[in-house]
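Visitor: The structure is given below, and queries will be raised subsequently.
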Amino acid sequence: RPFHLVSCSGIREVKRLNLIIDAVKILLDRGLDVKWTHLGAGELEDEIKKYAGDNLPKDRFHFTGHINNQEILPYYVDNKASLFVNVSASEGIPVSIMEAISIGLPVVVTDVGGTREIVVDGKNGTLLPEDCTGEDVADAIEKIYHLNPEEYTGLSDEAMALWEQEYNAKTNYENFAQWLKTTD
């Protein structure tokens, strides 16, 4: 079974999906069994699909097009996603990364905007420099690809634990309500 990379965003210039395509090509050239799926659509969709088609074997990438938010996490689970990748040049606090870690997906992401609040480098994924290259992305993915099952499970468990502690809305609401009760 291939190591399944997933990304989820609009297909726009700021998302730099070409870097993921470059990374997948490098990984395949290195002999790694990887495939990539992108969830989302956007104004550069035709251009990015052509770039993928020109650089990758047809069975190593897939574009879902627009997908409803409630379908994203089931898609990751049903399609046995291994790693979430986001190489945006700019972010706020990305919901897509929060969603990925909520189901235990380790991540490889650029250290822009609020990603550092969600990703602890080496603990639940990898932070890449904003000016990363396809080679940098490939190297980070390859490190996770080569983890033994226990190490990979550790990253996955840390991802879920961080989400539970910091981003689980139910837990946060209950904690906030409790705090309000004690601040009369």
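Letters A, B, ... mark the chains of the structure tokens in the order given; residue numbers begin at 1 per chain; ligand numbers begin at 1, in order shown.
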Per DSSP on the backbone, filter chain A down to the residues in helix (DSSP H, G or I) and report them as a VMD selection string.

Guide: chain A and resid 13 to 15 17 to 29 45 to 55 58 to 60 69 to 78 95 to 102 115 to 118 134 to 145 149 to 166 169 to 181

Visitor: Take the residues that were just selected and, keeping C-alpha atoms, output them as a compact mmCIF listing (two decimals), in the first residue's frame.

Guide:
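Written out: selection-v1.txt:
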# COMPACT_ATOMS: atom_id res chain seq x y z
CA GLU A 13 -1.02 30.47 -6.02
CA VAL A 14 -0.45 31.03 -2.29
CA LYS A 15 -0.97 27.28 -1.65
CA LEU A 17 0.79 22.93 -4.78
CA ASN A 18 3.57 22.79 -7.37
CA LEU A 19 5.98 22.19 -4.46
CA ILE A 20 4.02 19.10 -3.43
CA ILE A 21 4.12 17.83 -7.01
CA ASP A 22 7.88 18.48 -7.13
CA ALA A 23 8.30 16.63 -3.82
CA VAL A 24 6.26 13.63 -4.98
CA LYS A 25 8.34 13.43 -8.17
CA ILE A 26 11.55 13.50 -6.12
CA LEU A 27 10.25 10.80 -3.77
CA LEU A 28 9.20 8.57 -6.67
CA ASP A 29 12.62 9.11 -8.29
CA GLU A 45 -6.97 23.87 -10.94
CA ASP A 46 -6.39 23.28 -14.67
CA GLU A 47 -2.82 24.58 -14.48
CA ILE A 48 -1.92 22.46 -11.42
CA LYS A 49 -3.55 19.33 -12.86
CA LYS A 50 -1.51 19.81 -16.05
CA TYR A 51 1.68 20.29 -14.01
CA ALA A 52 0.94 17.08 -12.09
CA GLY A 53 0.15 15.22 -15.31
CA ASP A 54 3.39 16.41 -16.91
CA ASN A 55 5.52 15.38 -13.92
CA LYS A 58 -1.21 9.13 -13.56
CA ASP A 59 -1.69 6.56 -10.78
CA ARG A 60 0.32 8.63 -8.28
CA ASN A 69 -16.25 19.96 4.78
CA GLN A 70 -18.08 17.09 6.49
CA GLU A 71 -16.61 14.67 3.91
CA ILE A 72 -12.95 15.56 4.49
CA LEU A 73 -12.14 13.53 7.61
CA PRO A 74 -14.03 10.45 6.42
CA TYR A 75 -12.11 10.72 3.14
CA TYR A 76 -8.78 10.68 5.02
CA VAL A 77 -9.83 7.65 7.06
CA ASP A 78 -11.51 5.69 4.24
CA VAL A 95 -8.34 24.65 10.09
CA SER A 96 -7.12 22.06 7.58
CA ILE A 97 -4.15 21.26 9.83
CA MET A 98 -6.35 21.13 12.93
CA GLU A 99 -8.65 18.69 11.13
CA ALA A 100 -5.75 16.48 10.10
CA ILE A 101 -4.26 16.24 13.58
CA SER A 102 -7.72 15.60 15.07
CA THR A 115 1.00 26.84 12.03
CA ARG A 116 3.59 26.90 14.84
CA GLU A 117 0.67 26.99 17.29
CA ILE A 118 -0.62 23.69 15.89
CA GLY A 134 10.37 20.74 -3.42
CA GLU A 135 13.54 19.01 -2.22
CA ASP A 136 12.97 20.29 1.34
CA VAL A 137 9.39 19.02 1.26
CA ALA A 138 10.53 15.65 -0.11
CA ASP A 139 13.22 15.30 2.59
CA ALA A 140 10.70 16.01 5.38
CA ILE A 141 8.21 13.53 3.95
CA GLU A 142 10.91 10.90 3.50
CA LYS A 143 11.92 11.14 7.18
CA ILE A 144 8.36 10.31 8.20
CA TYR A 145 8.06 7.66 5.49
CA PRO A 149 5.67 1.77 13.11
CA GLU A 150 6.22 2.69 16.77
CA GLU A 151 7.74 6.08 15.88
CA TYR A 152 4.97 6.80 13.37
CA THR A 153 2.32 5.90 15.95
CA GLY A 154 4.05 8.25 18.40
CA LEU A 155 3.71 11.16 15.93
CA SER A 156 0.10 10.22 15.32
CA ASP A 157 -0.69 9.99 19.04
CA GLU A 158 0.99 13.36 19.67
CA ALA A 159 -1.07 14.92 16.87
CA MET A 160 -4.33 13.75 18.43
CA ALA A 161 -3.22 14.70 21.94
CA LEU A 162 -2.35 18.25 20.89
CA TRP A 163 -5.70 18.62 19.12
CA GLU A 164 -7.54 17.28 22.16
CA GLN A 165 -5.69 19.62 24.51
CA GLU A 166 -5.78 22.80 22.41
CA ALA A 169 -14.21 22.70 20.72
CA LYS A 170 -16.23 20.63 23.21
CA THR A 171 -13.36 20.50 25.70
CA ASN A 172 -12.57 24.19 25.21
CA TYR A 173 -16.19 25.18 25.70
CA GLU A 174 -16.47 23.13 28.89
CA ASN A 175 -13.21 24.58 30.25
CA PHE A 176 -14.30 28.12 29.37
CA ALA A 177 -17.70 27.59 31.03
CA GLN A 178 -15.96 26.26 34.14
CA TRP A 179 -13.60 29.24 34.17
CA LEU A 180 -16.56 31.65 33.89
CA LYS A 181 -18.19 30.02 36.93

Visitor: Could you pull out the residues in chain A that DSSP calls strand (DSSP E or B) from the backbone, as a ChimeraX atom specification?

Guide: /A:3-8,34-40,61-63,65,83-86,107-110,121,125-128

Visitor: With only C-alpha atoms as the atoms that count, which of A:Ala81, A:Leu128, A:Val6, A:Leu105 lies nearest to A:Phe61?

Guide: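 Closest candidate: A:Val6.
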
Visitor: To one decimal place, how far is atom CA of A:Leu56 from atom CA of A:Arg1 in Å?

Guide: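 For atom CA of A:Leu56 relative to atom CA of A:Arg1, the distance reads 17.8 Å.
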
Visitor: Rounded to one decimal place, report the atom CA of A:Pro2-atom CA of A:Val119 distance in Å.

Guide: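 Atom-to-atom, atom CA of A:Pro2 to atom CA of A:Val119, that is 24.4 Å.
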
Visitor: What gap, in Å, lies between atom CA of A:Thr64 and atom CA of A:His146?

Guide: 27.2 Å

Visitor: Tell me which of A:Asn79, A:Arg16, A:Phe3, A:Thr110 sits closest to A:Leu32, counting only C-alpha atoms.

Guide: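 Between A:Asn79, A:Arg16, A:Phe3, A:Thr110, the residue approaching A:Leu32 most closely is A:Phe3.
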